[in-house]
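**Student:** Structure supplied as start-v9.txt; contents: compact mmCIF, C-alpha atoms.
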```txt
# COMPACT_ATOMS: atom_id res chain seq x y z
CA MET L 110 28.74 -7.76 22.37
CA ASN L 111 25.97 -5.22 23.05
CA LEU L 112 25.89 -4.08 19.42
CA LEU L 113 24.60 -7.43 18.25
CA TYR L 114 23.29 -9.26 21.29
CA ASN L 115 21.15 -6.47 22.72
CA PHE L 116 19.52 -5.85 19.37
CA LEU L 117 18.71 -9.51 18.84
CA LYS L 118 16.84 -9.45 22.14
CA THR L 119 14.78 -6.42 21.13
CA VAL L 120 13.31 -7.82 17.93
CA PRO L 121 10.50 -10.01 19.37
CA THR L 122 9.10 -7.30 21.64
CA VAL L 123 7.39 -5.37 18.85
CA ILE L 124 5.29 -7.66 16.69
CA ILE L 125 4.48 -7.42 13.00
CA LEU L 126 1.85 -9.70 11.51
CA ILE L 127 0.99 -10.58 7.94
CA LEU L 128 -2.32 -12.43 7.67
CA PHE L 129 -3.37 -14.09 4.42
CA PRO L 130 -6.41 -16.39 4.69
CA LEU L 131 -8.92 -13.90 6.10
CA ILE L 132 -12.03 -13.02 4.13
CA ALA L 133 -12.38 -9.30 3.47
CA THR L 134 -14.13 -7.44 0.71
CA ALA L 135 -13.14 -3.82 1.40
CA GLN L 136 -10.35 -1.86 3.06
CA THR L 137 -11.12 -2.10 6.76
CA SER L 138 -9.39 -1.23 10.00
CA LEU L 139 -8.00 -3.95 12.24
CA ASN L 140 -7.28 -1.64 15.17
CA GLN L 141 -10.09 -2.89 17.39
CA GLU L 142 -9.06 -6.51 16.91
CA LEU L 143 -5.38 -5.73 17.40
CA SER L 144 -6.03 -3.87 20.64
CA LYS L 145 -7.04 -7.19 22.23
CA TYR L 146 -3.55 -8.61 21.63
CA LEU L 147 -1.89 -5.35 22.63
CA ASN L 148 -3.52 -5.52 26.05
CA LYS L 149 -3.35 -9.28 26.50
CA TYR L 150 0.41 -9.47 25.98
CA ASP L 151 1.29 -5.98 27.27
CA LEU L 152 2.96 -5.02 24.00
CA PRO L 153 4.23 -1.55 23.14
CA SER L 154 2.54 -1.74 19.73
CA ILE L 155 1.27 -4.10 17.08
CA ALA L 156 0.55 -3.80 13.37
CA ALA L 157 -1.05 -6.17 10.87
CA ALA L 158 -2.32 -6.31 7.32
CA VAL L 159 -4.59 -8.65 5.37
CA ILE L 160 -3.85 -9.40 1.72
CA LYS L 161 -6.28 -10.94 -0.76
CA ASN L 162 -5.25 -11.63 -4.35
CA GLY L 163 -2.29 -9.31 -3.98
CA LYS L 164 -4.34 -6.41 -2.63
CA ILE L 165 -4.27 -5.02 0.90
CA VAL L 166 -7.88 -5.26 2.04
CA ALA L 167 -7.47 -4.53 5.74
CA SER L 168 -4.78 -3.10 7.97
CA GLY L 169 -4.21 -1.66 11.38
CA ALA L 170 -1.60 -0.31 13.77
CA THR L 171 -2.11 0.50 17.42
CA GLY L 172 -0.04 1.22 20.48
CA THR L 173 2.85 3.51 21.29
CA ARG L 174 6.29 3.98 19.78
CA LYS L 175 7.86 3.86 23.23
CA TYR L 176 6.49 1.83 26.11
CA GLY L 177 4.88 4.06 28.73
CA ALA L 178 4.82 7.15 26.50
CA LYS L 179 1.86 8.70 24.67
CA LEU L 180 3.44 8.51 21.22
CA LEU L 181 0.77 6.79 19.17
CA ILE L 182 1.92 4.86 16.13
CA THR L 183 0.44 5.25 12.66
CA ILE L 184 -0.14 2.82 9.82
CA ASN L 185 2.92 4.27 8.06
CA ASP L 186 5.27 3.87 11.01
CA ARG L 187 8.46 1.99 10.24
CA TYR L 188 9.14 -1.31 12.01
CA HIS L 189 12.51 -3.02 11.97
CA ILE L 190 12.01 -6.35 10.22
CA GLY L 191 15.31 -7.96 11.26
CA SER L 192 16.14 -11.18 9.45
CA ASP L 193 13.16 -10.90 7.11
CA THR L 194 15.68 -8.75 5.22
CA LYS L 195 17.41 -11.97 4.18
CA ALA L 196 14.59 -12.83 1.77
CA MET L 197 15.09 -9.47 0.07
CA THR L 198 18.83 -10.08 -0.20
CA SER L 199 18.02 -13.42 -1.84
CA LEU L 200 15.79 -11.66 -4.38
CA LEU L 201 18.61 -9.22 -5.11
CA ALA L 202 20.93 -12.17 -5.67
CA ALA L 203 18.33 -13.67 -8.05
CA ILE L 204 18.29 -10.44 -10.05
CA MET L 205 22.07 -10.68 -10.41
CA VAL L 206 21.75 -14.31 -11.52
CA GLU L 207 19.14 -13.50 -14.17
CA GLU L 208 21.35 -10.70 -15.47
CA GLY L 209 24.28 -13.10 -15.79
CA ARG L 210 26.38 -11.30 -13.20
CA LEU L 211 26.27 -14.24 -10.80
CA ARG L 212 25.35 -17.92 -10.87
CA TRP L 213 23.70 -19.84 -8.05
CA ASN L 214 26.86 -21.98 -7.99
CA SER L 215 29.29 -19.04 -8.16
CA THR L 216 31.97 -19.78 -5.59
CA MET L 217 33.77 -17.45 -3.24
CA ALA L 218 37.01 -18.22 -5.07
CA GLU L 219 35.47 -17.19 -8.39
CA ILE L 220 34.01 -13.95 -7.12
CA PHE L 221 37.10 -12.96 -5.15
CA PRO L 222 39.97 -14.43 -7.24
CA GLU L 223 42.53 -11.98 -5.85
CA ILE L 224 42.35 -13.63 -2.41
CA SER L 225 41.46 -17.19 -3.48
CA GLU L 226 44.96 -18.57 -2.88
CA LYS L 227 44.80 -17.50 0.76
CA MET L 228 41.38 -19.10 1.32
CA THR L 229 41.13 -22.44 3.05
CA ALA L 230 40.46 -25.16 0.50
CA SER L 231 36.86 -25.84 1.57
CA ILE L 232 35.87 -22.16 1.68
CA ARG L 233 36.93 -21.73 -1.94
CA ASN L 234 34.02 -23.98 -2.91
CA VAL L 235 31.30 -22.26 -0.87
CA THR L 236 28.66 -21.09 -3.36
CA LEU L 237 26.13 -18.28 -3.40
CA GLU L 238 23.35 -20.82 -2.95
CA HIS L 239 25.13 -22.34 0.05
CA LEU L 240 25.28 -18.93 1.70
CA LEU L 241 21.66 -18.05 0.97
CA SER L 242 20.38 -21.40 2.25
CA HIS L 243 22.52 -21.43 5.45
CA THR L 244 24.43 -24.48 4.24
CA GLY L 245 27.81 -22.78 3.70
CA ALA L 246 29.32 -24.52 6.76
CA ILE L 247 29.55 -21.16 8.54
CA PRO L 248 28.32 -21.47 12.13
CA SER L 249 25.69 -19.32 13.80
CA ASP L 250 26.99 -16.23 15.57
CA ASN L 251 29.53 -17.26 18.19
CA GLU L 252 32.24 -15.41 20.09
CA LYS L 253 34.78 -15.73 17.26
CA ILE L 254 32.32 -14.33 14.72
CA LEU L 255 31.25 -11.52 17.05
CA GLN L 256 34.91 -10.59 17.48
CA ILE L 257 35.31 -10.43 13.68
CA TYR L 258 32.31 -8.10 13.52
CA ARG L 259 33.86 -5.86 16.14
CA GLU L 260 37.16 -5.75 14.28
CA ALA L 261 35.41 -5.04 10.98
CA MET L 262 33.71 -2.00 12.48
CA THR L 263 37.11 -0.41 13.09
CA GLN L 264 38.17 -0.66 9.44
CA ASP L 265 38.35 2.39 7.21
CA GLY L 266 36.05 2.85 4.25
CA ASN L 267 32.42 2.34 3.31
CA LEU L 268 30.17 -0.55 4.30
CA ASP L 269 31.07 -2.57 1.20
CA GLU L 270 34.74 -2.27 2.13
CA MET L 271 33.98 -3.52 5.65
CA ARG L 272 32.14 -6.50 4.18
CA TYR L 273 35.07 -7.23 1.91
CA TRP L 274 37.33 -7.12 4.96
CA ILE L 275 35.04 -9.72 6.59
CA VAL L 276 35.34 -11.93 3.48
CA LYS L 277 39.13 -11.77 3.65
CA ARG L 278 39.20 -12.35 7.40
CA TRP L 279 36.75 -15.26 7.43
CA SER L 280 38.06 -16.98 4.32
CA ILE L 281 41.20 -18.15 6.13
CA GLU L 282 39.20 -19.95 8.82
CA PRO L 283 38.62 -23.72 8.68
CA LEU L 284 35.01 -24.78 8.13
CA GLU L 285 33.18 -26.98 10.60
CA SER L 286 31.73 -29.24 7.89
CA MET L 287 31.62 -29.64 4.13
CA PRO L 288 29.64 -26.94 2.28
CA GLY L 289 26.11 -28.11 1.51
CA SER L 290 26.12 -30.88 4.10
CA GLU L 291 24.51 -29.23 7.14
CA PHE L 292 22.19 -26.40 8.12
CA ALA L 293 23.46 -23.62 10.40
CA TYR L 294 21.67 -20.29 10.56
CA SER L 295 24.33 -17.75 9.62
CA ASN L 296 24.29 -13.97 9.62
CA MET L 297 27.92 -14.11 8.53
CA GLY L 298 26.87 -16.15 5.48
CA TYR L 299 24.39 -13.51 4.37
CA THR L 300 26.94 -10.75 4.95
CA ILE L 301 29.35 -12.57 2.64
CA ALA L 302 26.55 -13.11 0.11
CA GLY L 303 25.98 -9.37 0.26
CA ALA L 304 29.66 -8.82 -0.55
CA MET L 305 29.34 -11.17 -3.54
CA ILE L 306 26.32 -9.18 -4.75
CA GLU L 307 28.28 -5.96 -4.35
CA ARG L 308 31.17 -7.32 -6.40
CA ALA L 309 28.76 -8.44 -9.14
CA GLY L 310 26.61 -5.29 -9.06
CA GLY L 311 29.43 -2.80 -8.79
CA ARG L 312 27.71 -0.85 -6.00
CA THR L 313 26.91 -1.21 -2.33
CA TRP L 314 24.21 -3.59 -1.16
CA GLU L 315 22.38 -0.58 0.28
CA GLU L 316 22.18 1.14 -3.12
CA LEU L 317 21.19 -2.05 -4.91
CA ILE L 318 18.47 -3.16 -2.49
CA THR L 319 16.94 0.31 -2.53
CA GLU L 320 16.93 0.68 -6.31
CA ARG L 321 16.23 -2.90 -7.38
CA VAL L 322 13.79 -4.09 -4.68
CA PHE L 323 12.29 -1.29 -2.58
CA ALA L 324 11.61 1.16 -5.41
CA PRO L 325 10.03 -1.24 -7.96
CA LEU L 326 7.74 -2.73 -5.31
CA GLY L 327 6.53 0.70 -4.20
CA MET L 328 7.85 0.25 -0.65
CA LYS L 329 7.78 3.98 0.04
CA ASN L 330 8.65 3.85 3.74
CA ALA L 331 11.32 1.16 3.44
CA GLY L 332 14.79 2.04 4.59
CA LEU L 333 17.94 0.67 6.20
CA GLY L 334 19.39 0.84 9.68
CA HIS L 335 17.57 1.85 12.83
CA GLN L 336 13.92 2.58 12.14
CA SER L 337 13.84 5.78 14.21
CA SER L 338 15.99 8.86 13.67
CA LEU L 339 18.86 9.74 15.97
CA GLY L 340 17.52 11.94 18.73
CA LYS L 341 13.88 11.31 17.81
CA ILE L 342 11.20 8.75 18.50
CA ASP L 343 9.60 8.83 15.07
CA ALA L 344 9.10 5.06 14.76
CA PRO L 345 8.25 2.15 17.09
CA LEU L 346 11.32 1.27 19.16
CA GLY L 347 12.60 -2.17 19.98
CA HIS L 348 12.25 -3.14 23.65
CA ILE L 349 13.77 -5.66 26.02
CA ILE L 350 12.82 -6.82 29.49
CA THR L 351 15.73 -6.36 31.88
CA GLU L 352 15.52 -6.85 35.64
CA GLY L 353 11.78 -7.10 35.30
CA LYS L 354 11.44 -3.73 33.58
CA ILE L 355 10.71 -2.92 29.94
CA LYS L 356 13.54 -0.93 28.37
CA PRO L 357 13.20 0.80 24.97
CA PHE L 358 16.19 1.10 22.64
CA LEU L 359 16.65 4.46 20.98
CA ALA L 360 18.53 4.98 17.72
CA GLY L 361 22.24 4.69 18.43
CA PRO L 362 25.14 2.24 18.36
CA ASN L 363 23.36 -0.32 20.58
CA GLY L 364 19.94 0.11 18.96
CA ASP L 365 20.57 -1.96 15.86
CA VAL L 366 22.86 -4.57 14.38
CA PRO L 367 26.10 -3.15 12.93
CA ALA L 368 25.27 -1.55 9.58
CA MET L 369 27.72 -3.80 7.72
CA LEU L 370 25.40 -6.74 8.54
CA GLY L 371 22.63 -5.09 6.53
CA PRO L 372 22.19 -8.00 4.08
CA ALA L 373 21.44 -10.26 7.05
CA GLY L 374 18.95 -8.02 8.84
CA GLY L 375 19.12 -4.27 8.35
CA ALA L 376 15.80 -3.23 6.75
CA HIS L 377 12.83 -1.39 8.19
CA MET L 378 9.46 -0.50 6.69
CA SER L 379 5.78 0.07 7.41
CA ILE L 380 3.36 -2.82 7.75
CA LEU L 381 1.88 -1.71 4.41
CA ASP L 382 5.27 -2.02 2.71
CA PHE L 383 5.81 -5.41 4.31
CA ALA L 384 2.37 -6.49 3.12
CA ARG L 385 3.17 -5.39 -0.45
CA TRP L 386 6.34 -7.48 -0.28
CA ALA L 387 4.47 -10.53 1.04
CA GLY L 388 1.64 -10.20 -1.47
CA TRP L 389 4.06 -9.89 -4.36
CA ASN L 390 5.86 -13.06 -3.25
CA ALA L 391 2.58 -14.93 -2.88
CA GLY L 392 1.88 -14.23 -6.56
CA GLU L 393 4.96 -16.27 -7.56
CA GLY L 394 5.70 -14.09 -10.56
CA GLY L 395 2.13 -13.47 -11.66
CA ARG L 396 1.89 -9.98 -10.18
CA LYS L 397 3.55 -6.75 -11.20
CA PRO L 398 6.27 -5.60 -11.09
CA PHE L 399 7.92 -8.45 -12.98
CA ILE L 400 11.29 -8.15 -11.28
CA VAL L 401 12.39 -11.72 -12.00
CA LYS L 402 10.93 -14.67 -13.87
CA THR L 403 8.30 -16.94 -12.34
CA GLU L 404 10.68 -19.88 -12.26
CA THR L 405 13.21 -17.78 -10.39
CA ILE L 406 10.70 -16.84 -7.68
CA ARG L 407 9.70 -20.49 -7.35
CA LYS L 408 13.34 -21.40 -6.90
CA LEU L 409 13.63 -18.81 -4.14
CA HIS L 410 10.61 -20.36 -2.41
CA LYS L 411 11.71 -23.99 -2.84
CA PRO L 412 13.15 -25.60 0.31
CA ILE L 413 16.80 -26.59 0.07
CA THR L 414 17.41 -27.92 3.55
CA SER L 415 15.42 -28.61 6.71
CA MET L 416 15.96 -27.24 10.20
CA PRO L 417 16.26 -30.04 12.76
CA PRO L 418 13.52 -29.94 15.41
CA LYS L 419 14.33 -28.54 18.85
CA LYS L 420 12.90 -30.19 21.94
CA ASP L 421 12.89 -26.89 23.84
CA ALA L 422 11.73 -24.52 21.09
CA PRO L 423 10.28 -21.32 22.64
CA PRO L 424 6.47 -21.14 22.91
CA GLY L 425 4.80 -19.94 19.75
CA THR L 426 7.66 -20.92 17.44
CA PRO L 427 7.90 -23.88 15.03
CA PRO L 428 9.70 -27.02 16.26
CA GLY L 429 12.78 -25.81 14.36
CA GLY L 430 13.04 -22.83 16.70
```
Will you turn the file into structure tokens for me?

**Tutor:**
Amino acid sequence: MNLLYNFLKTVPTVIILILFPLIATAQTSLNQELSKYLNKYDLPSIAAAVIKNGKIVASGATGTRKYGAKLLITINDRYHIGSDTKAMTSLLAAIMVEEGRLRWNSTMAEIFPEISEKMTASIRNVTLEHLLSHTGAIPSDNEKILQIYREAMTQDGNLDEMRYWIVKRWSIEPLESMPGSEFAYSNMGYTIAGAMIERAGGRTWEELITERVFAPLGMKNAGLGHQSSLGKIDAPLGHIITEGKIKPFLAGPNGDVPAMLGPAGGAHMSILDFARWAGWNAGEGGRKPFIVKTETIRKLHKPITSMPPKKDAPPGTPPGG
């Protein structure tokens, strides 16, 4: 359980901000302003960028890579962006759709015909769009799913082969509802979508996301897996509070989600890279590089389902949690 659960607890402790509606006319530093939040909330570090008309006009990064240590961060330091990776996986899926390799309504049975007869009847009809919109009737991470992740990590082969193993293993399970009928946030769903992209693209998700998304957008510090190097503290670490103490998580098996879950949350990058990504999306196809058509970007941004409100949503989060 530590591999997934501990990482999920570390994500909120280092904050990344993207701010759009500020007025700025020249590249300026936000460090002085950010320091107020760093001290107020006792954060290890914080980074932010301001974008105007697709251009980064202000940015800042302050704090330490490891709480309690004098390891000052820089504007190019890599932060783990967790589930923001999902939007990039969706763009990669859109590229495959525009190239005719996939359709939004491509089903699991169509993409994996060799195992379709063994799939449960309802899973055969789960589409790419279902998976990307969390309406594939796959539940949020629970003990059964976590056990499948653990088993997948023991399989031989590369990450794409582990994802394919997950597809085969999950496809025999009964679904909790009809595909398209309910919302349930699903890392498993995005992992399966990643496997569909791999089948269509003929290469691993890692290769495809790097070549088709990171490189064209000029995300020079973007990468996959733990943001710091094994044995080094060369990027801001994730932290948790345990027994009243702040604990940093170094690169290692418990410092990140399992690598096979990359399509659901395995990317890291600098705040400047993240700002480039956000600014490009805000242009809705009107800004270079023209990776996909304007109508395709608008489809990616169009709501498909709504999250039900939560009465006890944590402070600072939307009612949907």

**Student:** For a cut-off of 8 Å around (31.2, -2.6, 0.7), file coordinates, pick out all residues using all atoms listed in the file and list them as a ChimeraX atom specification.

**Tutor:** /L:267-273,304,307,312-314,369

**Student:** Using all atoms listed in the file, determine which residues lie at most 10 Å from Gln141 in chain L, disregarding the query and same-chain residues fewer than 3 positions distant; provide the list as an NGL selection string.

**Tutor:** :L and (138 or 144-146 or 169-171)

**Student:** I'd like the interatomic distance between CA of Leu346 in chain L and CA of Lys195 in chain L, to a tenth of an Å.

**Tutor:**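 These atoms are spaced 20.9 Å apart.
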
**Student:** Between L:Lys164, L:Lys253, L:Lys408, L:His243, which one has atoms that come closest to Gly394 in chain L, using all atoms listed in the file?

**Tutor:**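 Closest to Gly394 in chain L, using all atoms listed in the file: L:Lys408.
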
**Student:** Could you jot down the CA of Ile160 in chain L to CA of Tyr176 in chain L separation for me, Å, one decimal place?

**Tutor:**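 Atom-to-atom, CA of Ile160 in chain L and CA of Tyr176 in chain L are spaced 28.8 Å apart.
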
**Student:** Between CA of Arg396 in chain L and CA of Glu320 in chain L, what distance in Å does the model show, to one decimal?

**Tutor:** 18.8 Å

**Student:** Select, from L:Pro283, L:Gly163, L:Gly371, L:Gly340, the residue with the minimum atom-to-atom distance to Phe358 in chain L, counting all atoms listed in the file.

**Tutor:** L:Gly340

**Student:** Can you tell me, as a CSV table (one decimal) with C-alpha atoms, keeping the file's coordinate frame, what residues are no more than 6 Å from range 297-299 of chain L when counting all atoms listed in the file, ignoring any on the same chain fewer than 3 positions away?

**Tutor:**
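New file part24.csv:
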```
chain,number,residue,atom,x,y,z
L,240,LEU,CA,25.3,-18.9,1.7
L,302,ALA,CA,26.6,-13.1,0.1
L,372,PRO,CA,22.2,-8.0,4.1
L,373,ALA,CA,21.4,-10.3,7.0
```

**Student:** Taking into account only C-alpha atoms, which residue in the set L:Leu200, L:Leu211, L:Ala331, L:Val235 is nearest to His410 in chain L?

**Tutor:**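 Among the listed residues, L:Leu200 lies closest to His410 in chain L.
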